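J.: Just so it is clear, I am handing over final19.txt, which has compact mmCIF, C-alpha atoms.
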# COMPACT_ATOMS: atom_id res chain seq x y z
CA MET A 1 -104.72 -20.83 12.61
CA SER A 2 -107.44 -18.87 10.86
CA PHE A 3 -110.91 -19.03 12.39
CA LEU A 4 -112.87 -19.09 9.12
CA GLN A 5 -111.22 -20.86 6.20
CA ILE A 6 -112.72 -20.81 2.72
CA ASP A 7 -110.64 -23.27 0.71
CA LYS A 8 -110.86 -23.46 -3.10
CA VAL A 9 -114.62 -23.00 -3.11
CA CYS A 10 -116.47 -23.32 -6.42
CA LYS A 11 -120.20 -23.07 -7.00
CA SER A 12 -122.00 -23.77 -10.25
CA PHE A 13 -125.65 -23.57 -11.22
CA GLY A 14 -125.81 -25.94 -14.18
CA PRO A 15 -123.25 -24.71 -16.74
CA ILE A 16 -122.87 -21.32 -15.03
CA ASN A 17 -119.84 -20.95 -12.74
CA VAL A 18 -120.81 -18.41 -10.07
CA LEU A 19 -117.83 -18.91 -7.72
CA ARG A 20 -114.41 -19.82 -9.08
CA ASP A 21 -111.75 -21.29 -6.80
CA ILE A 22 -112.18 -18.85 -3.91
CA SER A 23 -109.79 -19.13 -0.96
CA LEU A 24 -109.98 -16.72 1.99
CA ASP A 25 -108.82 -16.89 5.61
CA VAL A 26 -110.35 -14.78 8.39
CA GLU A 27 -108.86 -14.47 11.87
CA GLU A 28 -111.04 -14.86 14.95
CA GLY A 29 -112.77 -11.56 15.67
CA GLY A 30 -112.08 -10.33 12.13
CA PHE A 31 -114.49 -8.39 9.95
CA LEU A 32 -114.41 -9.65 6.36
CA VAL A 33 -116.29 -7.59 3.76
CA LEU A 34 -117.19 -9.17 0.42
CA VAL A 35 -117.59 -6.35 -2.08
CA GLY A 36 -118.20 -6.17 -5.80
CA PRO A 37 -120.79 -5.25 -8.41
CA SER A 38 -124.18 -6.96 -8.67
CA GLY A 39 -123.87 -10.55 -9.90
CA CYS A 40 -120.23 -11.00 -8.86
CA GLY A 41 -121.05 -13.92 -6.51
CA LYS A 42 -120.70 -12.29 -3.10
CA SER A 43 -124.18 -13.25 -1.81
CA THR A 44 -123.75 -16.77 -3.18
CA LEU A 45 -120.51 -17.11 -1.23
CA LEU A 46 -122.27 -15.92 1.91
CA ASN A 47 -125.03 -18.47 1.35
CA THR A 48 -122.50 -21.30 1.04
CA ILE A 49 -121.05 -20.32 4.42
CA ALA A 50 -124.56 -20.26 5.91
CA GLY A 51 -125.43 -23.64 4.38
CA LEU A 52 -128.21 -22.20 2.23
CA GLU A 53 -126.30 -23.28 -0.90
CA LYS A 54 -124.30 -26.50 -1.27
CA LEU A 55 -120.74 -26.26 -2.53
CA THR A 56 -119.85 -27.71 -5.91
CA THR A 57 -116.24 -28.23 -4.84
CA GLY A 58 -114.03 -26.92 -2.04
CA GLU A 59 -114.29 -26.79 1.73
CA ILE A 60 -115.33 -24.36 4.46
CA ARG A 61 -114.04 -24.65 8.03
CA ILE A 62 -114.97 -22.77 11.20
CA ASP A 63 -112.49 -23.01 14.07
CA GLY A 64 -110.86 -25.96 12.30
CA ASN A 65 -114.08 -27.92 11.85
CA VAL A 66 -115.44 -28.69 8.37
CA ILE A 67 -119.06 -27.49 8.14
CA ASP A 68 -119.90 -28.40 4.53
CA ASP A 69 -122.29 -31.23 5.44
CA LEU A 70 -123.92 -29.53 8.44
CA PRO A 71 -127.44 -28.15 8.01
CA PRO A 72 -127.76 -24.38 8.59
CA ALA A 73 -129.28 -24.79 12.07
CA GLU A 74 -126.20 -26.69 13.30
CA ARG A 75 -123.53 -24.28 12.08
CA ASN A 76 -123.80 -21.82 15.01
CA ILE A 77 -124.12 -18.95 12.54
CA ALA A 78 -126.47 -15.97 12.76
CA MET A 79 -127.53 -14.15 9.60
CA VAL A 80 -128.91 -10.62 9.15
CA PHE A 81 -130.77 -10.09 5.89
CA GLN A 82 -131.44 -7.06 3.72
CA SER A 83 -135.19 -7.59 4.18
CA TYR A 84 -135.06 -7.73 8.04
CA ALA A 85 -137.26 -10.92 8.02
CA LEU A 86 -139.20 -10.00 11.20
CA TYR A 87 -142.45 -11.64 12.28
CA PRO A 88 -145.15 -8.95 11.91
CA ASN A 89 -147.47 -10.51 14.51
CA MET A 90 -144.80 -10.44 17.24
CA ASN A 91 -143.50 -7.43 19.12
CA VAL A 92 -139.82 -6.50 19.13
CA GLY A 93 -139.00 -8.45 22.30
CA GLN A 94 -140.70 -11.57 20.96
CA ASN A 95 -138.90 -11.28 17.62
CA ILE A 96 -135.53 -11.05 19.33
CA ALA A 97 -136.30 -13.95 21.68
CA PHE A 98 -137.92 -16.26 19.13
CA GLY A 99 -134.80 -18.22 18.17
CA LEU A 100 -133.88 -18.73 21.83
CA GLU A 101 -137.40 -19.95 22.60
CA MET A 102 -137.18 -22.49 19.78
CA ARG A 103 -133.99 -23.79 21.35
CA GLY A 104 -135.74 -24.31 24.68
CA MET A 105 -133.97 -21.59 26.65
CA PRO A 106 -135.76 -20.78 29.95
CA LYS A 107 -137.81 -17.57 29.89
CA ALA A 108 -135.78 -15.77 32.58
CA GLU A 109 -132.57 -16.35 30.65
CA ARG A 110 -134.24 -15.30 27.39
CA ASP A 111 -135.49 -12.08 28.95
CA ALA A 112 -132.02 -11.26 30.27
CA LYS A 113 -130.42 -11.77 26.86
CA VAL A 114 -133.11 -9.71 25.12
CA ALA A 115 -132.64 -6.88 27.62
CA GLU A 116 -128.85 -6.94 27.13
CA ALA A 117 -129.13 -6.88 23.32
CA ALA A 118 -131.77 -4.13 23.41
CA LYS A 119 -129.54 -1.99 25.62
CA THR A 120 -126.55 -2.51 23.33
CA LEU A 121 -128.57 -1.51 20.26
CA GLN A 122 -130.48 1.29 22.07
CA ILE A 123 -133.92 -0.18 21.37
CA GLU A 124 -135.13 -0.83 24.96
CA HIS A 125 -138.03 1.58 24.43
CA LEU A 126 -139.22 -0.41 21.39
CA LEU A 127 -139.59 -3.87 22.93
CA ASP A 128 -143.40 -3.75 23.05
CA ARG A 129 -143.89 -2.38 19.53
CA LYS A 130 -144.73 -4.39 16.41
CA PRO A 131 -142.39 -4.23 13.36
CA GLY A 132 -145.01 -2.26 11.41
CA GLN A 133 -144.61 0.59 13.92
CA LEU A 134 -140.84 0.87 13.37
CA SER A 135 -138.65 2.80 10.94
CA GLY A 136 -136.26 0.96 8.63
CA GLY A 137 -133.29 1.62 10.90
CA GLN A 138 -135.19 0.40 13.97
CA ARG A 139 -136.20 -2.79 12.15
CA GLN A 140 -132.60 -3.43 11.21
CA ARG A 141 -131.54 -3.00 14.84
CA VAL A 142 -134.16 -5.58 15.83
CA ALA A 143 -132.81 -8.00 13.21
CA MET A 144 -129.31 -7.44 14.59
CA GLY A 145 -130.58 -8.00 18.13
CA ARG A 146 -132.15 -11.31 17.12
CA ALA A 147 -128.77 -12.43 15.77
CA LEU A 148 -126.85 -11.03 18.72
CA VAL A 149 -128.72 -12.93 21.46
CA ARG A 150 -127.77 -16.26 19.92
CA ASN A 151 -124.09 -15.60 20.71
CA PRO A 152 -123.02 -17.29 17.45
CA GLN A 153 -119.51 -18.17 16.35
CA LEU A 154 -120.04 -16.19 13.16
CA PHE A 155 -122.26 -13.31 12.03
CA LEU A 156 -123.28 -13.09 8.36
CA PHE A 157 -124.68 -9.79 7.01
CA ASP A 158 -126.25 -9.76 3.55
CA GLU A 159 -126.43 -6.11 2.36
CA PRO A 160 -128.23 -5.10 5.58
CA LEU A 161 -128.22 -1.34 4.92
CA SER A 162 -129.21 -1.19 1.26
CA ASN A 163 -132.87 -0.39 2.06
CA LEU A 164 -131.99 2.61 4.25
CA ASP A 165 -131.56 6.25 3.27
CA ALA A 166 -128.07 7.77 3.09
CA LYS A 167 -127.95 9.33 6.58
CA LEU A 168 -129.40 6.25 8.25
CA ARG A 169 -126.85 4.04 6.48
CA VAL A 170 -124.07 6.10 8.07
CA ASP A 171 -125.69 5.78 11.52
CA MET A 172 -126.17 2.02 11.15
CA ARG A 173 -122.58 1.54 9.98
CA THR A 174 -121.52 3.07 13.28
CA GLU A 175 -123.85 0.72 15.19
CA ILE A 176 -122.46 -2.34 13.43
CA LYS A 177 -118.88 -1.20 14.03
CA ARG A 178 -119.66 -0.57 17.71
CA MET A 179 -121.26 -4.00 18.05
CA HIS A 180 -118.19 -5.65 16.53
CA GLN A 181 -115.84 -3.76 18.84
CA THR A 182 -117.98 -4.66 21.87
CA PHE A 183 -118.46 -8.38 21.24
CA GLY A 184 -115.53 -9.24 18.97
CA THR A 185 -117.50 -11.87 17.06
CA THR A 186 -116.19 -12.79 13.61
CA ILE A 187 -118.27 -11.14 10.86
CA VAL A 188 -118.66 -11.73 7.11
CA TYR A 189 -120.45 -8.80 5.50
CA VAL A 190 -121.71 -8.51 1.92
CA THR A 191 -122.17 -5.14 0.23
CA HIS A 192 -121.92 -3.50 -3.18
CA ASP A 193 -121.11 -0.19 -1.45
CA GLN A 194 -117.35 0.27 -1.35
CA ILE A 195 -117.65 3.04 1.29
CA GLU A 196 -119.22 0.47 3.65
CA ALA A 197 -116.42 -1.92 2.80
CA MET A 198 -113.70 0.63 3.58
CA THR A 199 -115.23 1.86 6.84
CA LEU A 200 -116.28 -1.49 8.34
CA GLY A 201 -113.85 -4.19 7.26
CA THR A 202 -110.60 -5.34 8.80
CA ARG A 203 -110.16 -7.29 5.55
CA ILE A 204 -111.81 -6.82 2.15
CA ALA A 205 -112.26 -9.30 -0.69
CA VAL A 206 -113.06 -7.62 -4.00
CA LEU A 207 -114.98 -9.96 -6.31
CA LYS A 208 -115.69 -9.82 -10.04
CA ASP A 209 -117.39 -12.59 -12.02
CA GLY A 210 -116.96 -15.05 -9.17
CA VAL A 211 -113.20 -14.47 -8.87
CA VAL A 212 -111.38 -12.73 -6.00
CA GLN A 213 -109.53 -9.83 -7.61
CA GLN A 214 -107.75 -8.75 -4.43
CA TYR A 215 -107.83 -9.63 -0.73
CA GLY A 216 -106.26 -7.37 1.87
CA THR A 217 -106.73 -4.64 4.45
CA PRO A 218 -108.73 -1.53 3.49
CA ALA A 219 -105.48 0.44 3.23
CA GLU A 220 -103.93 -2.17 0.92
CA ILE A 221 -106.99 -2.28 -1.31
CA TYR A 222 -107.19 1.51 -1.53
CA ASN A 223 -103.51 2.44 -1.83
CA ASP A 224 -102.11 -0.62 -3.57
CA PRO A 225 -104.74 -1.95 -6.04
CA THR A 226 -103.66 -5.06 -7.88
CA ASN A 227 -105.45 -4.30 -11.16
CA LEU A 228 -107.54 -1.73 -13.00
CA PHE A 229 -110.84 -3.17 -11.78
CA VAL A 230 -109.94 -2.78 -8.10
CA ALA A 231 -108.46 0.69 -8.70
CA ASP A 232 -111.63 1.87 -10.43
CA PHE A 233 -114.13 0.14 -8.11
CA MET A 234 -112.72 1.14 -4.72
CA GLY A 235 -112.82 4.80 -3.76
CA SER A 236 -115.30 7.64 -3.99
CA PRO A 237 -114.52 9.50 -6.17
CA ALA A 238 -112.76 6.67 -8.01
CA MET A 239 -109.06 6.63 -8.80
CA ASN A 240 -108.17 8.66 -11.90
CA LEU A 241 -106.98 6.26 -14.64
CA ILE A 242 -105.15 8.24 -17.30
CA PRO A 243 -103.57 6.96 -20.55
CA ALA A 244 -99.96 8.12 -20.76
CA THR A 245 -96.78 7.39 -22.73
CA VAL A 246 -93.56 6.42 -20.97
CA ARG A 247 -90.66 8.72 -21.89
CA GLY A 248 -87.40 7.90 -20.13
CA ASN A 249 -87.98 8.47 -16.41
CA GLY A 250 -91.31 10.18 -16.91
CA VAL A 251 -94.79 9.78 -18.35
CA GLU A 252 -96.43 12.12 -20.86
CA MET A 253 -100.17 12.85 -20.84
CA ALA A 254 -101.87 14.50 -23.81
CA ARG A 255 -103.83 17.75 -23.34
CA ALA A 256 -106.20 19.20 -25.93
CA GLY A 257 -104.81 22.41 -27.42
CA GLU A 258 -101.82 22.46 -25.02
CA ASP A 259 -98.42 20.88 -24.60
CA PRO A 260 -98.52 17.44 -22.98
CA LEU A 261 -98.23 17.27 -19.21
CA VAL A 262 -95.05 15.45 -18.18
CA LEU A 263 -94.67 13.80 -14.77
CA GLY A 264 -90.95 13.27 -14.16
CA PHE A 265 -89.94 10.64 -11.59
CA ASP A 266 -86.66 10.10 -9.76
CA GLN A 267 -87.03 6.46 -10.79
CA LEU A 268 -89.91 4.65 -12.46
CA PRO A 269 -90.82 1.15 -11.24
CA GLY A 270 -88.88 -1.58 -13.03
CA ASP A 271 -91.86 -2.98 -14.91
CA VAL A 272 -92.76 0.49 -16.22
CA VAL A 273 -89.26 1.21 -17.56
CA ALA A 274 -89.73 -1.65 -20.03
CA TYR A 275 -92.68 0.28 -21.56
CA ASP A 276 -90.47 3.17 -22.77
CA GLY A 277 -92.21 4.72 -25.78
CA GLN A 278 -95.38 2.72 -25.12
CA GLU A 279 -98.68 3.48 -23.43
CA VAL A 280 -99.46 2.70 -19.78
CA ILE A 281 -102.36 3.65 -17.54
CA VAL A 282 -101.42 6.06 -14.76
CA GLY A 283 -103.52 5.71 -11.59
CA ILE A 284 -103.69 8.59 -9.14
CA ARG A 285 -106.30 9.31 -6.46
CA PRO A 286 -108.07 12.73 -6.46
CA GLU A 287 -106.47 13.67 -3.12
CA ALA A 288 -103.02 13.21 -4.69
CA ILE A 289 -103.77 16.06 -7.15
CA THR A 290 -104.35 19.24 -5.21
CA ASP A 291 -103.68 22.98 -5.10
CA ALA A 292 -100.34 24.36 -4.00
CA ASP A 293 -101.73 25.85 -0.77
CA SER A 294 -103.22 22.64 0.60
CA ARG A 295 -101.62 20.69 3.45
CA ALA A 296 -101.50 17.58 1.25
CA ALA A 297 -99.30 19.43 -1.25
CA MET A 298 -97.00 20.64 1.52
CA ARG A 299 -96.60 17.07 2.85
CA ALA A 300 -95.92 15.52 -0.56
CA GLY A 301 -92.36 14.34 -1.09
CA GLN A 302 -91.70 13.80 -4.78
CA GLN A 303 -94.08 16.11 -6.64
CA VAL A 304 -94.69 17.95 -9.89
CA THR A 305 -96.51 21.29 -10.18
CA ALA A 306 -98.28 22.12 -13.45
CA SER A 307 -100.75 24.68 -14.73
CA CYS A 308 -103.98 22.93 -15.72
CA LYS A 309 -107.27 24.22 -17.10
CA ILE A 310 -110.20 23.61 -14.77
CA ASP A 311 -113.35 22.53 -16.60
CA VAL A 312 -115.81 22.00 -13.74
CA VAL A 313 -115.82 23.02 -10.05
CA GLU A 314 -117.82 20.96 -7.52
CA PRO A 315 -117.87 22.37 -3.95
CA ALA A 316 -118.31 19.57 -1.38
CA GLY A 317 -118.18 21.31 1.97
CA ALA A 318 -114.82 20.45 3.51
CA ASP A 319 -113.25 20.05 0.06
CA ILE A 320 -113.66 21.25 -3.50
CA TYR A 321 -113.51 18.79 -6.39
CA ALA A 322 -112.25 20.32 -9.62
CA ILE A 323 -112.21 18.48 -12.94
CA THR A 324 -109.51 18.89 -15.56
CA ALA A 325 -108.71 16.82 -18.67
CA LEU A 326 -105.60 14.68 -19.19
CA GLY A 327 -104.99 11.90 -21.67
CA GLY A 328 -108.48 12.38 -23.07
CA LYS A 329 -110.04 11.59 -19.68
CA GLU A 330 -111.84 13.66 -17.07
CA VAL A 331 -109.50 13.88 -14.06
CA VAL A 332 -110.90 14.66 -10.61
CA THR A 333 -108.73 16.71 -8.25
CA ARG A 334 -109.36 17.41 -4.57
CA LEU A 335 -108.65 20.99 -3.51
CA HIS A 336 -108.90 22.65 -0.10
CA GLN A 337 -112.11 24.49 0.78
CA ASP A 338 -110.56 27.98 0.55
CA TRP A 339 -109.46 27.58 -3.06
CA PHE A 340 -110.93 30.48 -5.04
CA GLY A 341 -110.38 29.42 -8.64
CA GLN A 342 -113.11 29.17 -11.24
CA ALA A 343 -114.09 26.97 -14.14
CA ASN A 344 -112.48 27.70 -17.54
CA GLN A 345 -109.39 29.14 -15.86
CA HIS A 346 -105.92 27.70 -15.34
CA THR A 347 -104.63 26.89 -11.87
CA GLU A 348 -101.44 25.42 -10.43
CA LEU A 349 -101.98 21.78 -9.45
CA VAL A 350 -99.56 19.67 -7.43
CA PHE A 351 -99.23 15.97 -8.36
CA ASN A 352 -97.96 13.74 -5.54
CA LEU A 353 -95.81 11.26 -7.46
CA GLU A 354 -95.39 9.02 -4.43
CA LYS A 355 -99.08 8.08 -4.80
CA VAL A 356 -98.95 7.23 -8.53
CA VAL A 357 -99.45 3.62 -9.66
CA PHE A 358 -99.21 2.09 -13.12
CA PHE A 359 -101.18 -0.54 -15.07
CA ASP A 360 -100.83 -2.39 -18.35
CA PRO A 361 -103.56 -1.00 -20.66
CA GLN A 362 -104.38 -4.40 -22.23
CA SER A 363 -104.34 -6.83 -19.29
CA GLY A 364 -105.16 -4.27 -16.58
CA VAL A 365 -102.46 -5.82 -14.37
CA ARG A 366 -100.50 -3.60 -11.99
CA LEU A 367 -96.96 -2.71 -13.07
CA ARG A 368 -94.46 -2.60 -10.22
Give the structure from the file, written as structure tokens.
T.:
Amino acid sequence: MSFLQIDKVCKSFGPINVLRDISLDVEEGGFLVLVGPSGCGKSTLLNTIAGLEKLTTGEIRIDGNVIDDLPPAERNIAMVFQSYALYPNMNVGQNIAFGLEMRGMPKAERDAKVAEAAKTLQIEHLLDRKPGQLSGGQRQRVAMGRALVRNPQLFLFDEPLSNLDAKLRVDMRTEIKRMHQTFGTTIVYVTHDQIEAMTLGTRIAVLKDGVVQQYGTPAEIYNDPTNLFVADFMGSPAMNLIPATVRGNGVEMARAGEDPLVLGFDQLPGDVVAYDGQEVIVGIRPEAITDADSRAAMRAGQQVTASCKIDVVEPAGADIYAITALGGKEVVTRLHQDWFGQANQHTELVFNLEKVVFFDPQSGVRLR
């Protein structure tokens, strides 16, 4: 049985429906990431789990027990906020221990738990400092330590890294992942950053307008998107979404001033065959369009090689991103770092057809 069960949850504020019939199951020790654009309802869903917002309809269970009518303090949940929420007049050790003190835990036991959490989060040397003397990353570690010492059934994280700079976000992602691997506590984590979602989660729920668009593992979300929204939202750079016309067992993409590019398949998916002569949206990740000398091209099974004009070249260290135009859209390709082509020249690109997916252009639904 799932450890956390969110069953047909709806939440309305007056006439506005913020959450619409959301059902998710999380296994014990799982790491669920709620991801989506601002205003999609992910923080509201987190607040309903915490008890900070009352459900309109539906039910939430932890370890088989319904928690809907329990006040937040009785849910055995620890929450880490974006704003850290530390007491400025207390030092780090006192901030971490405060919740335990309020529960009447003896001082010796409190001190032992604080020391253990501080060691885990590598903040032992900060225990006597006040929050105002700490960096943003250190403050977030303190907030995590305060949650950790409670030994809750469930951790809730509400965009905890959004106030940090890019490098520190990467470091803190590692800390959160290490903490999860060490303690195995079930986590629900809210973010608008799909890179955080992909690197942290064991399961991801992609939300839009209060509706779950797709729920699955990071690999399923990335490689097998269920609609155009998920395909476009997840991935950095995003999936290329190219208008194309189905012609027999292939798809034809327009090119300005050149013959169309044709991708010929051994066999198109059954749903796509029915679109013969009509437009579909072809989805292909940048790494599935590469130069002929790259390892990815050598590993590709079914593939098409075509000469394409490169419009823009963007070196990115280990890789080079080159932009071409297909179907009236800018298409991002990922080339190996030793590629020596230039903008405004043609180059041979290899399309890995095994990584191509298709969508209906009107509904956005995946064609299989």
J.: Excluding same-chain residues fewer than 3 positions from segment 60-77 of chain A, what lies within 10 Å of it counting only C-alpha atoms, as a PyMOL selection string?
T.: chain A and resi 1-9+23-28+47-55+147+150-156+187
J.: Counting all atoms listed in the file, what are the residues of segment 317-348 of chain A within 9 Å of segment 228-252 of chain A, and for each of them which pair of atoms is the nearest and at what distance in Å, to one decimal? Sort the table by chain and rising number, as CSV.
T.:
residue,atom,partner,partner_atom,distance
A:Leu326,CA,A:Ile242,CA,6.7
A:Gly327,CA,A:Pro243,CA,5.3
A:Gly328,CA,A:Pro243,CA,7.7
A:Lys329,CA,A:Ile242,CA,6.4
A:Glu330,CA,A:Asn240,CA,8.1
A:Val331,CA,A:Asn240,CA,5.8
A:Val332,CA,A:Asn240,CA,6.7
A:Thr333,CA,A:Asn240,CA,8.9
J.: Determine the nearest neighbour of Ile16 of chain A from the options A:Leu353, A:Gly210, A:Gly270, A:Leu100, counting only C-alpha atoms.
T.: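 Using only C-alpha atoms, the shortest distance to Ile16 of chain A belongs to A:Gly210.
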J.: Do you know which residues are at most 10 Å from Gln362 of chain A counting only C-alpha atoms, after dropping those on the same chain fewer than 4 positions away, and could you put them as a PyMOL selection string?
T.: chain A and resi 279-281
J.: Step by step: start from the point (-101.4, 27.1, -13.2) in the file's coordinates, keep every protein, DNA or RNA residue that has an atom no farther than 12 Å from it, count only C-alpha atoms, and write the set as a list in words.
T.: Leu261, Thr290, Asp291, Ala292, Val304, Thr305, Ala306, Ser307, Cys308, Lys309, Ile310, Thr324, Gly341, Asn344, Gln345, His346, Thr347, Glu348, Leu349 and Val350 of chain A
J.: Point out the residue among A:Gly30, A:Gly216, A:Gly41, A:Gly201 with the least atom-to-atom distance to Val18 of chain A, counting all atoms listed in the file.
T.: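 Result for the nearest residue to Val18 of chain A: A:Gly41.
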J.: Counting only C-alpha atoms, which residues of segment 151-228 of chain A sit at most 9 Å from some atom of segment 118-129 of chain A, and what is each one's closest atom pair with its distance in Å to one decimal, listed by chain and rising residue number, as a Markdown table?
T.:
| residue | atom | partner | partner_atom | distance |
| --- | --- | --- | --- | --- |
| A:Glu175 | CA | A:Leu121 | CA | 7.3 |
| A:Met179 | CA | A:Thr120 | CA | 7.6 |
| A:Thr182 | CA | A:Thr120 | CA | 9.0 |
J.: To test the calculation: enclose all listed atoms of segment 351-363 of chain A in a box whose edges run along x, y and z, add 5 Å on each side, then state centre and edge lengths in Å to one decimal, as AutoDock Vina command-line options.
T.:
--center_x -99.9 --center_y 4.6 --center_z -13.3 --size_x 19.0 --size_y 32.8 --size_z 27.8
J.: Can you work out which one of A:Val149, A:Leu34, A:Met105, A:Val142 has the shortest atom-to-atom distance to Met198 of chain A, counting only C-alpha atoms?
T.: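 Among the listed residues, the smallest separation from Met198 of chain A belongs to A:Leu34.
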J.: Could you work out how far atom CA of Ser43 of chain A lies from atom CA of Asp193 of chain A, giving the answer in Å with one decimal?
T.: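 Answer for the atom CA of Asp193 of chain A to atom CA of Ser43 of chain A separation: 13.4 Å.
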J.: Using only C-alpha atoms, list the residues that have an atom at most 12 Å from (-134.8, -9.5, 4.0), coordinates as in the file, as a list in words.
T.: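 These residues have at least one counted atom within 12 Å: Met79, Val80, Phe81, Gln82, Ser83, Tyr84, Ala85, Leu86, Tyr87, Gly136, Arg139, Gln140, Ala143, Phe157, Asp158, Glu159, Pro160, Leu161, Ser162 and Asn163 of chain A.
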J.: Please determine, counting only C-alpha atoms, which residue among A:Glu101, A:Phe31, A:Asp276, A:Arg20 has the shortest atom-to-atom distance to Gln181 of chain A.
T.: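 That would be A:Phe31, the residue with the smallest distance to Gln181 of chain A.
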J.: Please determine, counting only C-alpha atoms, which residue among A:Thr186, A:Gln133, A:Gln303, A:Thr174 has the shortest atom-to-atom distance to Leu148 of chain A.
T.: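 For Leu148 of chain A, the nearest of the given residues is A:Thr186.
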J.: Expressed in Å to a single decimal, how great is the separation between atom CA of Arg255 of chain A and atom CA of Glu314 of chain A?
T.: 21.4 Å
J.: Measure the distance from atom CA of Leu207 of chain A to atom CA of Cys40 of chain A in Å and round it to one decimal.
T.: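 Those two atoms sit 5.9 Å apart.
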J.: Name the residues in contact with Gly137 of chain A at a cut-off of 9 Å, using all atoms listed in the file, excluding same-chain residues fewer than 5 positions from it; report them as a list in words.
T.: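 Non-adjacent residues within range: Val142, Leu161, Leu164, Leu168, Arg169, Asp171 and Met172 of chain A.
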J.: Would you save the residues from that selection as a JSON list (two decimals), in the coordinates of the input, using C-alpha atoms?
T.:
[["chain", "number", "residue", "atom", "x", "y", "z"],
["A", 142, "VAL", "CA", -134.16, -5.58, 15.83],
["A", 161, "LEU", "CA", -128.22, -1.34, 4.92],
["A", 164, "LEU", "CA", -131.99, 2.61, 4.25],
["A", 168, "LEU", "CA", -129.40, 6.25, 8.25],
["A", 169, "ARG", "CA", -126.85, 4.04, 6.48],
["A", 171, "ASP", "CA", -125.69, 5.78, 11.52],
["A", 172, "MET", "CA", -126.17, 2.02, 11.15]]
J.: Quick one: segment 92-105 of chain A from the block, C-alpha atoms, as a compact mmCIF listing (two decimals), in the first residue's frame.
T.:
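Contents of the output file out_36.txt:
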# COMPACT_ATOMS: atom_id res chain seq x y z
CA VAL A 92 21.60 28.02 15.11
CA GLY A 93 21.51 25.34 17.81
CA GLN A 94 18.52 26.97 19.50
CA ASN A 95 16.67 27.30 16.18
CA ILE A 96 17.17 23.62 15.42
CA ALA A 97 16.15 22.55 18.92
CA PHE A 98 13.17 24.88 19.33
CA GLY A 99 10.48 22.47 18.11
CA LEU A 100 11.83 19.68 20.31
CA GLU A 101 11.86 22.01 23.33
CA MET A 102 8.21 22.92 22.70
CA ARG A 103 7.39 19.22 22.76
CA GLY A 104 9.04 18.83 26.15
CA MET A 105 12.03 16.74 25.08
